[in-house]
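Below is one structure, written out as structure tokens; comments come after it.
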Number of protein chains: 2
Amino acid sequence: MSLACETCPVRDRAACSVLDEAGRDELSRIGRHRTLRAGETLFAAGEATDVCATLIDGALKVTRFDAEGHETILALVHPAGFVGELFQPFSDFDVVALTECRLCVFADRDFDAAIAAHPELARALLRRTQEELHASRAMQSLVMAGSGKARVAALLWKFAESASDSPCHPAARFELPLSRGEMADMLGLTIETVSRQLTALEQEGAIRREGKRGIELLDPARLSHLFD
Amino acid sequence: MSLACETCPVRDRAACSVLDEAGRDELSRIGRHRTLRAGETLFAAGEATDVCATLIDGALKVTRFDAEGHETILALVHPAGFVGELFQPFSDFDVVALTECRLCVFADRDFDAAIAAHPELARALLRRTQEELHASRAMQSLVMAGSGKARVAALLWKFAESASDSPCHPAARFELPLSRGEMADMLGLTIETVSRQLTALEQEGAIRREGKRGIELLDPARLSHLFD
DNA sequence: CGATATCTTGAGCTGGATCAACATACGTGG
DNA sequence: CCACGTATGTTGATCCAGCTCAAGATATCG
């Protein structure tokens, strides 16, 4: 079998995990693996969106460039996540690898057929998409209403949560997965402002920095009360 | 039949339009009509989300209040639109009627069963949700990157498009469906800034105002080049 | 006709952007 | 191993778009 689902690290978390043996076999025949180097583009804005994919390993960003060449990061995609606009002919966003990535890629038309054949797959994808919509709206409200410090604090919190094994409990110590510039692009701020807010948070005793990317949460409560 | 789908004004645009006669009959048995007065709340943040709904008539807003009581409008819902988080136990957002509304309401558990029984319904909902996600991300990038004038111009454009019968062509003249305050809440600006940007756009010759809510597009190109 | 809500306009203030300098890490080749 | 170059991050100084506060203007309605 080409896709070797048996050894897939996300086989029980990805959308395809809701399928039975036969369904997964079918998907494995229409899909193919692909790897991306860090910085490589999966879809580009303006191009035809004829494929979709499940991320097996690594991290992707969904971004948009405005007229002046400024990049906005709209979402991050983690392993087991799904990308692709099944129903829109052209993409308005770029999807780019942040790190080296392994993906399971499907042609849109094949995947749409699989959705029709396997209702539970459609339902799983619906669930995923509703969750993404929810996350997008949460981000939108943060960016629209929150101050620079609140945005940085919320992003730190999100990273702390995803670095922790127990969900909804932030890790006390973690490494930032993004550079200052990437954080700025996610938050609609500049590199300088992100840097200054991190120093401010450190001076207030909310966090401690270790090197460029290491963060220790000294006072999670103080951090979380800055947003929400 | 309780829901009288035969006379429903959105029967060929709503998610349920993909169902055959039998499927629609089934839905009509599990759903019920509800009307909301302007300002009435359908869901409130923090409450259990045990129902979902298709909007038949009127307009809804999806909003969030931050700690200081500031409201952010995250999305508008138009007739044939669908609201409801099928898979999340509690809502993080309020859904409130902007105008008097008629809705077709379903219990989440019933609707989920209908999705399982009718794959085409799941697919239709998936499509709708992907489109909403797309719209949410477009809004997010506008708010993160765009100036005040760009945001106001983009909102005018959106209203002009939805006021026009032909899609993708803005109406030359239309009435603003929102107050200045509601526009400000959608754009992450203040009432004063929205008002000032409208005056600026009028002085530049891009638009002409007629009374408080009437807008005439004098120079659509000048307007649209401000964003995107 | 006054009362209340909505909108516009003006005058300053401020948070984050911009511009600029410096610091630190990390190769790569001499 | 060190010298240098590049990428990344920090800090300082200034500027400006949009916020805040305040005053009028324009409905709309009993």
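Letters A, B, ... go to the chains of the structure tokens in the order shown; residues in each chain start at 1; ligands are counted from 1 in the same order.
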Residues at most 9 Å from D:DG18, counting only C-alpha atoms (C1' of nucleotides), excluding those fewer than 6 positions away in the same chain, as a PyMOL selection string?
chain B and resi 148+189-190+193
Cut-off 9 Å: closest chain D/chain B atom pairs per residue, using only C-alpha atoms (C1' of nucleotides), as a tab-separated table:
```
residue	atom	partner	partner_atom	distance
D:DA17	C1'	B:Gly148	CA	8.2
D:DG18	C1'	B:Thr193	CA	6.9
D:DC19	C1'	B:Thr190	CA	7.5
D:DA27	C1'	B:Lys212	CA	8.7
```
Please provide as a PyMOL selection string all residues within 12 Å of B:His169, with the sequence filter that same-chain residues fewer than 3 positions apart are discarded (counting only C-alpha atoms (C1' of nucleotides)).
chain B and resi 157-166+172-173+217+220-221+224
Would you list the contacts of A:Val51 as a tab-separated table (two decimals) with N, CA and C atoms, in the first residue's frame, taking every protein, DNA or RNA residue within 6 Å and counting only C-alpha atoms (C1' of nucleotides), but skipping same-chain residues closer than 6 positions in sequence?
```tsv
chain	number	residue	atom	x	y	z
A	106	PHE	N	-4.28	14.81	-1.86
A	106	PHE	CA	-5.34	14.23	-2.67
A	106	PHE	C	-5.80	15.25	-3.72
A	107	ALA	N	-6.18	14.76	-4.88
A	107	ALA	CA	-6.82	15.63	-5.85
A	107	ALA	C	-8.21	15.99	-5.31
A	108	ASP	N	-8.60	17.25	-5.45
A	108	ASP	CA	-9.89	17.70	-4.94
A	108	ASP	C	-11.03	16.81	-5.42
```
Would you mind reading off the distance between atom CA of B:Val83 and atom CA of B:Arg11, one decimal, in Å?
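A separation of 16.3 Å between them.
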Please tabulate, as JSON lines, the residues of chain C that come within 10 Å of chain B, each with its closest pair of atoms and the distance in Å to one decimal, counting only C-alpha atoms (C1' of nucleotides) and ordering rows by chain, then residue number upward.
```
{"residue": "C:DT6", "atom": "C1'", "partner": "B:Ser179", "partner_atom": "CA", "distance": 8.3}
{"residue": "C:DC7", "atom": "C1'", "partner": "B:Lys212", "partner_atom": "CA", "distance": 7.4}
{"residue": "C:DT8", "atom": "C1'", "partner": "B:Ser195", "partner_atom": "CA", "distance": 7.0}
{"residue": "C:DT9", "atom": "C1'", "partner": "B:Arg196", "partner_atom": "CA", "distance": 8.5}
```
Please tabulate, as a tab-separated table, the residues of chain A that come within 6 Å of chain B, each with its closest pair of atoms and the distance in Å to one decimal, counting only C-alpha atoms and ordering rows by chain, then residue number upward.
```
residue	atom	partner	partner_atom	distance
A:Pro119	CA	B:Pro119	CA	5.0
A:Ala122	CA	B:Ala122	CA	6.0
A:Leu126	CA	B:Leu126	CA	4.9
A:Leu133	CA	B:Leu133	CA	5.0
A:Gln140	CA	B:Gln140	CA	5.4
A:Met144	CA	B:Gly188	CA	4.9
A:Gly188	CA	B:Met144	CA	4.9
```
Now that the selection is made, can you save its residues with C-alpha atoms as a CSV table (one decimal), in the first residue's frame?
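So the final result, stored in part_29.csv, reads:
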```
chain,number,residue,atom,x,y,z
A,119,PRO,CA,-20.6,10.3,5.0
A,122,ALA,CA,-17.8,14.6,5.4
A,126,LEU,CA,-17.3,19.5,8.8
A,133,LEU,CA,-13.8,28.8,11.8
A,140,GLN,CA,-10.1,38.0,14.7
A,144,MET,CA,-9.7,43.7,16.6
A,188,GLY,CA,-0.7,42.3,13.0
```
Set the distance at 12 Å and use only C-alpha atoms (C1' of nucleotides): which residues neighbour D:DA3 once local chain neighbours fewer than 5 positions away are removed? I'd like the list as number ranges by chain.
C: 28-30
Among stretch 106-194 of chain A, which ones does DSSP assign to strand (DSSP E or B) (computed from the backbone)? Answer as a list in words.
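Written out, the strand (DSSP E or B) residues of stretch 106-194 of chain A are Phe106, Ala107, Arg173, Phe174 and Glu175 of chain A.
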Contact residues around B:Pro9 with only C-alpha atoms (C1' of nucleotides) at 9 Å, ignoring same-chain residues under 2 positions, as a PyMOL selection string
chain B and resi 5-7+11-13+56-57+79-80
Let's have the selection written as an mmCIF file, in the first residue's frame, with C-alpha atoms.
```
data_model
loop_
_atom_site.group_PDB
_atom_site.id
_atom_site.type_symbol
_atom_site.label_atom_id
_atom_site.label_comp_id
_atom_site.auth_asym_id
_atom_site.auth_seq_id
_atom_site.Cartn_x
_atom_site.Cartn_y
_atom_site.Cartn_z
ATOM 1 C CA CYS B 5 -40.982 24.316 2.896
ATOM 2 C CA GLU B 6 -42.962 24.765 -0.335
ATOM 3 C CA THR B 7 -43.370 28.467 0.336
ATOM 4 C CA ARG B 11 -35.830 26.815 -0.177
ATOM 5 C CA ASP B 12 -33.451 26.713 -3.140
ATOM 6 C CA ARG B 13 -30.472 28.449 -1.506
ATOM 7 C CA ILE B 56 -35.060 32.513 6.482
ATOM 8 C CA ASP B 57 -35.490 36.244 6.689
ATOM 9 C CA PRO B 79 -31.055 34.721 4.643
ATOM 10 C CA ALA B 80 -30.220 31.097 3.729
#
```
Measure the distance from atom CA of B:Arg24 to atom CA of A:Pro89 in Å and round it to one decimal.
29.0 Å
Would you give me, as a PyMOL selection string, the residues in stretch 31-192 of chain A that DSSP reads as helix (DSSP H, G or I)?
chain A and resi 108-117+119-145+148-163+180-187+191-192
Quick check, in Å to one decimal: how far apart do atom CA of B:Thr35 and atom CA of B:Asp94 lie?
16.8 Å
Near-C:DG27 list (12 Å; only C-alpha atoms (C1' of nucleotides); drop same-chain fewer than 3 positions) as a list in words
DC4, DG5, DT6 and DA7 of chain D
